[in-house]
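Novice: First the structure, which I've put down as structure tokens, then a few questions once you've had a look.
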Amino acid sequence: MTPAGGRLRVGVLVSGRGSNLQALLDASSRRDYPAEVVVVISDRERAAALDRARAAGVEALFINPKDYADREAFDLALVREFTVRQVGLVCNAGFMRILSPAYVRAFAGRAMNIHPSLLPAFPGLHAQRQALEYGAKVAGATVHFVDEGPVDTGPIILQASVPVHPDDTEDSLSARILVQEHRLYPEAVRLFAEGRLAVVGRRVIVR
Ligand code: GRF
């Protein structure tokens with residue numbers, strides 16, 4: 001939802017460090033950027049990402065999964081918090097929980113995730129380690145819509161590749177991929193905010 005004349009209101013789900021959140025906050029701080037992060041929600045109280053949000057003057061909420069009977073009840077609390085703030089797009093940025101179908105349906109076509117691999121290769125945890133162990137020569141990052149599939153399955157919006165070097169460690173490869181993540185996520189949000197993304201079947205057309 002974009003209030004008339006306003007920028008797209010974005011909510012971000014985080015669990016940890018928050019470097020992708022930071023990229024979105026930095027983009028939001030530019031006046032010509034068509035979206036703004038209005039709320040950040042973490043399932044972990046000590047997530048550094050919450051401090052990044054506060055430092056940027058953005059509302060930062062910790063919602064404790066333990067306060068809810070089950071996964072769906074927690075996820076519906078997230079839906080409520082985003083809905084009351086008229087969020088038009090939700091971005092997962094290092095959010096370490098799988099979202100239930102009720103959540104995905106509430107934000108169908110309006111939820112994005114970033115993943116440190118060239119999907120559909122290496123979904124799930126430790127994608128960079130998976131790429132190294134597989135012996136991949138090229139790795140990368142993907143921004144995709146969130147769908148009801150198991151993990152990291154939704155239509156792909158943007159991808160960028162990086163080389164895998166023979167002496168790479170998980171840390172060195174992750175750092176190279178992260179540079180691309182920080183470029184891709186704000187760009188994907190921009191395209192969405194400008195109404196330039198059309199989903200046709202599995203394909204996302206950028207207009
Ligand atoms: C990133 O690599 C992201 O692709 C993955 O989790 C990591 C989160 O890093 N989903 P940060 O919290 O954004 O720094």
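Chain identifiers are assigned as A, B, and so on, following the order in which chains appear in the structure tokens; residues are numbered from 1 within each chain, and ligands are numbered from 1 in order of appearance.
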So which residues are near ligand 1, meaning at most 7 Å away with only C-alpha atoms and all ligand atoms counted, given back as a PyMOL selection string?
Specialist: chain A and resi 14-21+49+93-95+114-116+141+178+181
Novice: Just want the 12 Å neighbourhood of Asp26 (chain A), counted on only C-alpha atoms, with same-chain residues fewer than 6 positions away dropped. Output as a list of chain:residue names.
Specialist: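 With the cut-off at 12 Å, the set is A:Ser19, A:Asn20, A:Asp32, A:Tyr33, A:Ala35, A:Glu36, A:Val37, A:Arg52, A:Ala53, A:Ala55, A:Ala56, A:Gly57, A:Val58, A:His182, A:Arg183, A:Tyr185, A:Pro186.
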Novice: Go ahead and save the picked residues with N, CA and C atoms, as a CSV table (one decimal), in the first residue's frame.
Specialist:
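In the end it all went to result01.csv:
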```csv
chain,number,residue,atom,x,y,z
A,19,SER,N,23.3,-6.5,8.1
A,19,SER,CA,24.0,-5.7,7.1
A,19,SER,C,23.1,-5.4,5.9
A,20,ASN,N,22.2,-6.4,5.6
A,20,ASN,CA,21.3,-6.1,4.5
A,20,ASN,C,20.2,-5.1,4.9
A,32,ASP,N,15.4,10.6,-2.9
A,32,ASP,CA,14.8,10.2,-4.2
A,32,ASP,C,14.5,8.7,-4.3
A,33,TYR,N,14.7,8.0,-3.2
A,33,TYR,CA,14.5,6.6,-3.2
A,33,TYR,C,13.0,6.4,-2.9
A,35,ALA,N,11.1,4.1,-1.6
A,35,ALA,CA,10.6,3.3,-0.5
A,35,ALA,C,11.3,3.8,0.8
A,36,GLU,N,10.6,3.5,1.9
A,36,GLU,CA,11.2,3.8,3.2
A,36,GLU,C,10.9,2.7,4.2
A,37,VAL,N,12.0,2.3,5.0
A,37,VAL,CA,11.8,1.3,6.0
A,37,VAL,C,11.1,2.0,7.2
A,52,ARG,N,20.8,-1.2,14.6
A,52,ARG,CA,20.9,-0.4,13.4
A,52,ARG,C,19.6,0.4,13.1
A,53,ALA,N,18.5,-0.3,13.3
A,53,ALA,CA,17.2,0.4,13.0
A,53,ALA,C,17.1,1.6,13.9
A,55,ALA,N,19.3,3.3,15.4
A,55,ALA,CA,20.3,4.3,15.1
A,55,ALA,C,19.8,5.2,13.9
A,56,ALA,N,19.0,4.5,13.0
A,56,ALA,CA,18.5,5.2,11.9
A,56,ALA,C,17.1,5.9,12.2
A,57,GLY,N,16.7,5.8,13.4
A,57,GLY,CA,15.5,6.4,13.8
A,57,GLY,C,14.2,5.7,13.3
A,58,VAL,N,14.4,4.4,13.1
A,58,VAL,CA,13.3,3.5,12.6
A,58,VAL,C,12.8,2.7,13.8
A,182,HIS,N,24.2,-6.4,-0.9
A,182,HIS,CA,23.9,-5.0,-0.5
A,182,HIS,C,23.5,-4.1,-1.7
A,183,ARG,N,23.9,-4.5,-2.8
A,183,ARG,CA,23.5,-3.8,-4.1
A,183,ARG,C,22.2,-4.2,-4.6
A,185,TYR,N,19.6,-5.9,-3.0
A,185,TYR,CA,18.3,-5.8,-2.2
A,185,TYR,C,17.6,-4.4,-2.4
A,186,PRO,N,18.4,-3.3,-2.2
A,186,PRO,CA,17.8,-2.0,-2.4
A,186,PRO,C,17.3,-1.8,-3.9
```
Novice: Would you mind telling me which residue in A:Leu25, A:Leu50, A:Ala108, A:Val138 lies nearest to Ala121 (chain A) when using only C-alpha atoms?
Specialist: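 For Ala121 (chain A), the nearest of the candidates is A:Val138.
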Novice: Provide the CA of Asp152 (chain A) to CA of Leu191 (chain A) distance in Å, to one decimal place.
Specialist: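 Distance between the two atoms: 20.0 Å.
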Novice: Between A:Gly195, A:Gly11, A:Gly140, A:Pro101, which is the closest to Ser161 (chain A) once you count only C-alpha atoms?
Specialist: A:Gly140
Novice: Residues within 7 Å of Ile156 (chain A), please, as a list in words. Count only C-alpha atoms; anything in the same chain fewer than 5 positions from it doesn't count.
Specialist: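 That gives Thr142, Val143, His144, Phe145, Arg203 and Val204 of chain A.
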Novice: Write out the residues from the selection above, keeping C-alpha atoms, as a PDB file, in the first residue's frame.
Specialist:
```
ATOM      1  CA  THR A 142      19.396 -13.956  -5.165  1.00  0.00           C
ATOM      2  CA  VAL A 143      16.476 -11.726  -4.231  1.00  0.00           C
ATOM      3  CA  HIS A 144      13.182 -13.564  -4.650  1.00  0.00           C
ATOM      4  CA  PHE A 145       9.529 -13.310  -3.715  1.00  0.00           C
ATOM      5  CA  ARG A 203       9.051 -15.599 -13.980  1.00  0.00           C
ATOM      6  CA  VAL A 204       9.464 -12.072 -12.742  1.00  0.00           C
TER       7      VAL A 204
END
```
Novice: Here is a test: counting only C-alpha atoms, which residue of A:Glu170, A:Tyr68, A:Gln22, A:Arg7 is nearest to Arg129 (chain A)?
Specialist: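 For Arg129 (chain A), the nearest of the candidates is A:Glu170.
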Novice: Give me every strand (DSSP E) residue in region 87-192 of chain A, going by DSSP on the backbone, as a VMD selection string.
Specialist: chain A and resid 89 to 92 111 to 115 138 to 145 156 to 163
Novice: Keeping N, CA, C and O atoms, export the residues of the selection given above as an mmCIF file, in the first residue's frame.
Specialist:
```cif
data_model
loop_
_atom_site.group_PDB
_atom_site.id
_atom_site.type_symbol
_atom_site.label_atom_id
_atom_site.label_comp_id
_atom_site.auth_asym_id
_atom_site.auth_seq_id
_atom_site.Cartn_x
_atom_site.Cartn_y
_atom_site.Cartn_z
ATOM 1 N N LEU A 89 5.256 -3.684 1.679
ATOM 2 C CA LEU A 89 6.239 -4.696 1.280
ATOM 3 C C LEU A 89 6.965 -5.136 2.538
ATOM 4 O O LEU A 89 7.344 -4.299 3.361
ATOM 5 N N VAL A 90 7.143 -6.462 2.661
ATOM 6 C CA VAL A 90 7.938 -6.973 3.786
ATOM 7 C C VAL A 90 9.174 -7.660 3.231
ATOM 8 O O VAL A 90 9.097 -8.448 2.279
ATOM 9 N N CYS A 91 10.313 -7.352 3.825
ATOM 10 C CA CYS A 91 11.586 -7.894 3.356
ATOM 11 C C CYS A 91 12.222 -8.727 4.464
ATOM 12 O O CYS A 91 12.434 -8.224 5.567
ATOM 13 N N ASN A 92 12.512 -9.983 4.163
ATOM 14 C CA ASN A 92 13.290 -10.803 5.091
ATOM 15 C C ASN A 92 14.759 -10.497 4.840
ATOM 16 O O ASN A 92 15.226 -10.615 3.703
ATOM 17 N N ALA A 111 6.180 -9.956 -0.395
ATOM 18 C CA ALA A 111 7.218 -10.384 0.558
ATOM 19 C C ALA A 111 8.434 -10.848 -0.227
ATOM 20 O O ALA A 111 8.316 -11.637 -1.173
ATOM 21 N N MET A 112 9.588 -10.343 0.174
ATOM 22 C CA MET A 112 10.855 -10.690 -0.497
ATOM 23 C C MET A 112 11.830 -11.300 0.498
ATOM 24 O O MET A 112 11.762 -11.046 1.702
ATOM 25 N N ASN A 113 12.767 -12.056 -0.044
ATOM 26 C CA ASN A 113 13.853 -12.625 0.757
ATOM 27 C C ASN A 113 15.150 -12.477 -0.032
ATOM 28 O O ASN A 113 15.134 -12.432 -1.269
ATOM 29 N N ILE A 114 16.255 -12.426 0.708
ATOM 30 C CA ILE A 114 17.560 -12.455 0.044
ATOM 31 C C ILE A 114 18.309 -13.686 0.513
ATOM 32 O O ILE A 114 18.266 -14.041 1.692
ATOM 33 N N HIS A 115 18.978 -14.315 -0.442
ATOM 34 C CA HIS A 115 19.652 -15.580 -0.139
ATOM 35 C C HIS A 115 21.039 -15.570 -0.788
ATOM 36 O O HIS A 115 21.185 -15.180 -1.945
ATOM 37 N N VAL A 138 31.273 -20.684 -9.581
ATOM 38 C CA VAL A 138 30.565 -19.401 -9.543
ATOM 39 C C VAL A 138 29.550 -19.478 -8.400
ATOM 40 O O VAL A 138 28.875 -20.496 -8.236
ATOM 41 N N ALA A 139 29.466 -18.416 -7.627
ATOM 42 C CA ALA A 139 28.457 -18.338 -6.557
ATOM 43 C C ALA A 139 27.719 -17.013 -6.737
ATOM 44 O O ALA A 139 27.893 -16.349 -7.764
ATOM 45 N N GLY A 140 26.914 -16.630 -5.753
ATOM 46 C CA GLY A 140 26.210 -15.367 -5.944
ATOM 47 C C GLY A 140 25.101 -15.150 -4.943
ATOM 48 O O GLY A 140 25.051 -15.803 -3.890
ATOM 49 N N ALA A 141 24.216 -14.229 -5.297
ATOM 50 C CA ALA A 141 23.118 -13.835 -4.415
ATOM 51 C C ALA A 141 21.829 -13.751 -5.217
ATOM 52 O O ALA A 141 21.858 -13.475 -6.424
ATOM 53 N N THR A 142 20.715 -13.986 -4.532
ATOM 54 C CA THR A 142 19.396 -13.956 -5.165
ATOM 55 C C THR A 142 18.419 -13.183 -4.288
ATOM 56 O O THR A 142 18.362 -13.426 -3.077
ATOM 57 N N VAL A 143 17.649 -12.292 -4.895
ATOM 58 C CA VAL A 143 16.476 -11.726 -4.231
ATOM 59 C C VAL A 143 15.257 -12.350 -4.900
ATOM 60 O O VAL A 143 15.161 -12.360 -6.133
ATOM 61 N N HIS A 144 14.355 -12.887 -4.077
ATOM 62 C CA HIS A 144 13.182 -13.564 -4.650
ATOM 63 C C HIS A 144 11.937 -13.243 -3.839
ATOM 64 O O HIS A 144 12.030 -12.852 -2.662
ATOM 65 N N PHE A 145 10.779 -13.408 -4.466
ATOM 66 C CA PHE A 145 9.529 -13.310 -3.715
ATOM 67 C C PHE A 145 9.402 -14.536 -2.826
ATOM 68 O O PHE A 145 9.922 -15.616 -3.164
ATOM 69 N N ILE A 156 12.227 -15.583 -8.808
ATOM 70 C CA ILE A 156 13.484 -14.834 -8.679
ATOM 71 C C ILE A 156 13.340 -13.433 -9.270
ATOM 72 O O ILE A 156 12.923 -13.267 -10.422
ATOM 73 N N ILE A 157 13.720 -12.433 -8.483
ATOM 74 C CA ILE A 157 13.620 -11.036 -8.925
ATOM 75 C C ILE A 157 14.948 -10.574 -9.526
ATOM 76 O O ILE A 157 14.993 -10.083 -10.653
ATOM 77 N N LEU A 158 16.028 -10.712 -8.766
ATOM 78 C CA LEU A 158 17.358 -10.304 -9.238
ATOM 79 C C LEU A 158 18.405 -11.300 -8.751
ATOM 80 O O LEU A 158 18.265 -11.864 -7.658
ATOM 81 N N GLN A 159 19.432 -11.485 -9.542
ATOM 82 C CA GLN A 159 20.570 -12.294 -9.122
ATOM 83 C C GLN A 159 21.861 -11.611 -9.558
ATOM 84 O O GLN A 159 21.882 -10.877 -10.547
ATOM 85 N N ALA A 160 22.931 -11.905 -8.822
ATOM 86 C CA ALA A 160 24.263 -11.454 -9.226
ATOM 87 C C ALA A 160 25.240 -12.573 -8.908
ATOM 88 O O ALA A 160 25.105 -13.247 -7.881
ATOM 89 N N SER A 161 26.209 -12.749 -9.776
ATOM 90 C CA SER A 161 27.180 -13.822 -9.574
ATOM 91 C C SER A 161 28.523 -13.256 -9.132
ATOM 92 O O SER A 161 28.847 -12.085 -9.407
ATOM 93 N N VAL A 162 29.284 -14.093 -8.455
ATOM 94 C CA VAL A 162 30.677 -13.764 -8.107
ATOM 95 C C VAL A 162 31.508 -15.007 -8.383
ATOM 96 O O VAL A 162 30.998 -16.125 -8.311
ATOM 97 N N PRO A 163 32.805 -14.825 -8.679
ATOM 98 C CA PRO A 163 33.663 -16.002 -8.861
ATOM 99 C C PRO A 163 33.967 -16.655 -7.519
ATOM 100 O O PRO A 163 33.996 -15.983 -6.491
#
```
Novice: List the spatial neighbours of region 122-126 of chain A as a ChimeraX atom specification - criterion: any atom at most 7 Å away, only C-alpha atoms, same-chain residues fewer than 5 positions off excluded.
Specialist: /A:117,131,151-152
Novice: Go ahead and compute the interatomic distance for CA of Val10 (chain A) and CA of Gln128 (chain A), in Å to one decimal.
Specialist: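 Computing the Euclidean distance for CA of Val10 (chain A) and CA of Gln128 (chain A) yields 27.6 Å.
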Novice: I'd like the interatomic distance between CA of Gln180 (chain A) and CA of Arg110 (chain A), to a tenth of an Å.
Specialist: 22.1 Å
Novice: Pick out the residues sitting within 12 Å of Ser100 (chain A), and hand them over as a list of chain:residue names; count only C-alpha atoms, and ignore anything fewer than 4 positions along from it in its own chain.
Specialist: A:Asp70, A:Arg71, A:Glu72, A:Ala73, A:Phe74, A:Asp75, A:Leu76, A:Ala77, A:Leu78, A:Val79, A:Val104, A:Arg105, A:Ala106, A:Phe107, A:Val146, A:Asp147, A:Glu148, A:Gly149, A:Pro150, A:Val151
Novice: Have a look at A:Gln130, A:Ser42, A:Thr83, A:Ser28 and name the one nearest to Pro65 (chain A); count only C-alpha atoms.
Specialist: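 The closest residue to Pro65 (chain A) is A:Ser42.
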Novice: Determine the nearest neighbour of Glu194 (chain A) from the options A:Arg207, A:Arg97, A:Gly109, A:Ala48, counting only C-alpha atoms.
Specialist: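 Residue with the minimum atom-to-atom distance to Glu194 (chain A): A:Arg207.
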Novice: Considering only C-alpha atoms, state which residue in the set A:Ile98, A:Val39, A:Ala136, A:Ala127 is at the smallest distance from Val84 (chain A).
Specialist: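 The closest residue to Val84 (chain A) is A:Val39.
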